[in-house]
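File shown: data.pdb. Contents: PDB, C-alpha atoms.
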MODEL        1
ATOM      1  CA  MET A  16      10.707   4.780  -4.523
ATOM      2  CA  GLU A  17      13.569   3.453  -2.402
ATOM      3  CA  ALA A  18      11.869   4.695   0.748
ATOM      4  CA  ILE A  19       8.726   2.709  -0.096
ATOM      5  CA  ILE A  20      10.768  -0.443  -0.631
ATOM      6  CA  ILE A  21      12.537   0.061   2.699
ATOM      7  CA  ILE A  22       9.237   0.661   4.517
ATOM      8  CA  VAL A  23       7.659  -2.466   2.985
ATOM      9  CA  TYR A  24      10.758  -4.510   3.861
ATOM     10  CA  LEU A  25      10.750  -3.269   7.464
ATOM     11  CA  ALA A  26       7.022  -3.994   7.749
ATOM     12  CA  ILE A  27       7.622  -7.584   6.593
ATOM     13  CA  VAL A  28      10.499  -7.989   9.061
ATOM     14  CA  VAL A  29       8.396  -6.642  11.951
ATOM     15  CA  LEU A  30       5.418  -8.844  10.975
ATOM     16  CA  THR A  31       7.693 -11.901  10.881
ATOM     17  CA  ILE A  32       9.267 -11.150  14.269
ATOM     18  CA  VAL A  33       5.882 -10.519  15.897
ATOM     19  CA  SER A  34       4.457 -13.718  14.387
ATOM     20  CA  VAL A  35       7.316 -15.942  15.534
ATOM     21  CA  TRP A  36       7.315 -14.229  18.958
ATOM     22  CA  LYS A  37       3.622 -15.130  19.332
ATOM     23  CA  ILE A  38       4.272 -18.709  18.176
ATOM     24  CA  TYR A  39       6.877 -19.088  20.924
ATOM     25  CA  THR A  40       4.623 -17.574  23.596
ATOM     26  CA  LYS A  41       1.679 -19.758  22.551
ATOM     27  CA  ALA A  42       3.971 -22.744  23.091
ATOM     28  CA  GLY A  43       4.847 -21.524  26.587
ATOM     29  CA  LYS A  44       8.360 -20.365  25.699
ATOM     30  CA  PRO A  45       9.766 -16.841  26.024
ATOM     31  CA  GLY A  46       8.966 -14.780  22.951
ATOM     32  CA  TRP A  47      12.301 -12.953  23.022
ATOM     33  CA  ALA A  48      14.013 -16.296  22.328
ATOM     34  CA  CYS A  49      13.100 -15.917  18.651
ATOM     35  CA  LEU A  50      15.557 -13.014  18.407
ATOM     36  CA  ILE A  51      18.675 -14.865  19.614
ATOM     37  CA  PRO A  52      20.534 -16.836  16.916
ATOM     38  CA  ILE A  53      21.083 -20.540  17.661
ATOM     39  CA  TYR A  54      19.096 -20.276  20.911
ATOM     40  CA  ASN A  55      15.940 -19.705  18.853
ATOM     41  CA  LEU A  56      16.524 -23.030  17.115
ATOM     42  CA  LEU A  57      17.061 -24.783  20.454
ATOM     43  CA  VAL A  58      13.747 -23.384  21.719
ATOM     44  CA  LEU A  59      12.035 -24.378  18.461
ATOM     45  CA  LEU A  60      13.353 -27.928  18.876
ATOM     46  CA  LYS A  61      11.827 -27.986  22.383
ATOM     47  CA  ILE A  62       8.510 -26.748  20.982
ATOM     48  CA  VAL A  63       8.386 -29.572  18.421
ATOM     49  CA  GLY A  64       9.674 -32.157  20.908
ATOM     50  CA  LYS A  65      13.061 -33.000  19.424
ATOM     51  CA  PRO A  66      16.396 -33.330  21.288
ATOM     52  CA  TRP A  67      18.931 -30.499  21.468
ATOM     53  CA  TRP A  68      21.552 -32.414  19.492
ATOM     54  CA  TRP A  69      19.416 -32.010  16.346
ATOM     55  CA  LEU A  70      21.014 -28.561  16.274
ATOM     56  CA  PHE A  71      24.147 -30.207  14.850
ATOM     57  CA  LEU A  72      22.148 -31.670  11.978
ATOM     58  CA  PHE A  73      21.498 -28.123  10.798
ATOM     59  CA  ILE A  74      25.236 -27.654  10.225
ATOM     60  CA  ILE A  75      25.505 -30.458   7.655
ATOM     61  CA  PRO A  76      24.847 -29.268   4.077
ATOM     62  CA  LEU A  77      21.752 -30.783   2.405
ATOM     63  CA  VAL A  78      20.864 -32.609   5.630
ATOM     64  CA  ASN A  79      19.891 -29.221   7.061
ATOM     65  CA  ILE A  80      17.315 -28.760   4.289
ATOM     66  CA  VAL A  81      15.653 -32.094   5.063
ATOM     67  CA  PHE A  82      15.605 -31.459   8.802
ATOM     68  CA  GLY A  83      14.437 -27.869   8.296
ATOM     69  CA  ILE A  84      11.427 -29.143   6.369
ATOM     70  CA  TRP A  85      10.850 -31.843   8.993
ATOM     71  CA  VAL A  86      10.944 -29.338  11.875
ATOM     72  CA  THR A  87       8.562 -27.057   9.964
ATOM     73  CA  ASN A  88       6.159 -29.987   9.574
ATOM     74  CA  LEU A  89       6.450 -30.785  13.280
ATOM     75  CA  LEU A  90       5.772 -27.126  14.111
ATOM     76  CA  SER A  91       2.662 -27.242  11.966
ATOM     77  CA  LYS A  92       1.477 -30.411  13.711
ATOM     78  CA  SER A  93       2.282 -28.893  17.121
ATOM     79  CA  PHE A  94      -0.421 -26.329  16.410
ATOM     80  CA  GLY A  95      -2.938 -28.851  15.086
ATOM     81  CA  LYS A  96      -2.341 -28.147  11.402
ATOM     82  CA  ASN A  97      -1.738 -30.648   8.596
ATOM     83  CA  GLU A  98       0.835 -31.142   5.852
ATOM     84  CA  GLY A  99      -0.946 -28.662   3.594
ATOM     85  CA  PHE A 100      -0.272 -25.961   6.173
ATOM     86  CA  THR A 101       3.373 -27.085   6.278
ATOM     87  CA  ILE A 102       3.626 -26.485   2.540
ATOM     88  CA  GLY A 103       2.192 -23.022   3.138
ATOM     89  CA  LEU A 104       4.784 -22.354   5.864
ATOM     90  CA  LEU A 105       7.542 -23.402   3.478
ATOM     91  CA  PHE A 106       6.436 -21.581   0.318
ATOM     92  CA  LEU A 107       4.406 -18.619   1.630
ATOM     93  CA  PRO A 108       5.865 -17.932   5.082
ATOM     94  CA  ILE A 109       4.851 -14.246   5.029
ATOM     95  CA  ILE A 110       1.220 -15.401   5.040
ATOM     96  CA  PHE A 111       1.268 -18.641   7.030
ATOM     97  CA  TYR A 112       3.502 -17.661   9.984
ATOM     98  CA  PRO A 113       1.175 -14.766  10.867
ATOM     99  CA  ILE A 114      -1.789 -17.153  10.564
ATOM    100  CA  LEU A 115      -0.075 -19.493  13.015
ATOM    101  CA  GLY A 116       1.161 -16.825  15.413
ATOM    102  CA  LEU A 117      -1.534 -14.174  15.253
ATOM    103  CA  GLY A 118      -4.484 -16.410  14.421
ATOM    104  CA  ASP A 119      -6.499 -18.665  16.701
ATOM    105  CA  ALA A 120      -4.192 -21.709  16.427
ATOM    106  CA  LYS A 121      -3.583 -23.353  19.800
ATOM    107  CA  TYR A 122      -0.431 -25.193  20.833
ATOM    108  CA  ALA A 123      -1.314 -28.873  21.142
ATOM    109  CA  GLY A 124       2.050 -30.060  22.473
ATOM    110  CA  PRO A 125       5.154 -31.309  20.695
ATOM    111  CA  ALA A 126       4.109 -32.435  17.202
ATOM    112  CA  GLY A 127       0.472 -32.375  18.318
ATOM    113  CA  ALA A 128       0.905 -34.909  21.117
ATOM    114  CA  LYS A 129      -2.326 -35.768  22.836
TER     115      LYS A 129
ENDMDL
END

Can you turn what I pasted into structure tokens?
Amino acid sequence: MEAIIIIVYLAIVVLTIVSVWKIYTKAGKPGWACLIPIYNLLVLLKIVGKPWWWLFLFIIPLVNIVFGIWVTNLLSKSFGKNEGFTIGLLFLPIIFYPILGLGDAKYAGPAGAK
């Protein structure tokens, strides 16, 4: 039973890494950047079109929650999705990140800029 739980957990971890890797490459950034702590957030901020100093906002308790949700919404918009998709990314990430990364979503620029 424990082996099955470990296998399922590892499958979810691999699916998540592959999905985020593809999201980064679709946005023209190196996929491996999703594996490096802190640097992955800097690259994500570039993808959504926000300045590097927003990284410091993620250090402040409670403020980091608000800005995490905001960046997730901007990521959704960067791939042409709406707020409903953002809610999916927040509450069902195991389903919606693979849809974004492995599906047919195209990067439309920072926050969907035209």

Discussion item. If the PyMOL selection byres ((chain A and resi 88-91) around 8) were run on this exact file, what residues would it hold? Put them as a list in words.
Written reply: Ile62, Val63, Ile84, Trp85, Val86, Thr87, Lys92, Ser93, Phe94, Gly95, Lys96, Asn97, Glu98, Phe100, Thr101, Pro125, Ala126 and Gly127 of chain A

Worksheet item: Hey, can you check how far atom CA of Leu56 of chain A sits from atom CA of Ile80 of chain A?
Response: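 Distance between the two atoms: 14.1 Å.
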
Item to complete: Might you pull out every residue within 8 Å of Trp69 of chain A, with all atoms listed in the file counted and same-chain residues fewer than 4 positions away left off, and present them as an MDAnalysis selection string?
Response: chainID A and resid 60 65 73

Practice prompt. Please write as a list in words the full residue list that the PyMOL selection byres ((chain A and resi 46) around 12) yields on this file.
Written response: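 What the PyMOL selection byres ((chain A and resi 46) around 12) grabs from the file is Ile32, Val33, Ser34, Val35, Trp36, Lys37, Ile38, Tyr39, Thr40, Lys41, Ala42, Gly43, Lys44, Pro45, Trp47, Ala48, Cys49, Leu50, Ile51, Tyr54, Asn55, Val58, Leu59 and Gly116 of chain A.
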
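Taking atom CA of Phe82 of chain A as the reference point, atom CA of Phe111 of chain A is found at 19.3 Å.
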
Item to complete: Rounded to one decimal place, report the atom CA of Phe106 of chain A-atom CA of Pro76 of chain A distance in Å.
Response: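 Between atom CA of Phe106 of chain A and atom CA of Pro76 of chain A the gap is 20.3 Å.
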
Worksheet item: Which is closer to Ile109 of chain A than all the others in A:Ala18, A:Leu25, A:Ile75, A:Leu30, using all atoms listed in the file?
Response: A:Leu30

Discussion item. Measuring between only C-alpha atoms, which one of A:Ile27, A:Ile21, A:Leu117, A:Ile74 shows the shortest distance to Ile53 of chain A?
Written reply: A:Ile74

Enclose the full set of atoms of segment 40-51 of chain A listed in the file within a box whose edges lie along x, y and z, apply 6 Å of padding to each of the six sides, and report centre and edge lengths in Å to one decimal as JSON.
{"center_x": 10.2, "center_y": -17.8, "center_z": 22.5, "size_x": 29.0, "size_y": 21.8, "size_z": 20.2}

Response to the item:
Across A:Ile19, A:Ala26, A:Gly83, A:Gly64, the smallest distance to Leu104 of chain A, with all atoms listed in the file counted, is shown by A:Gly83
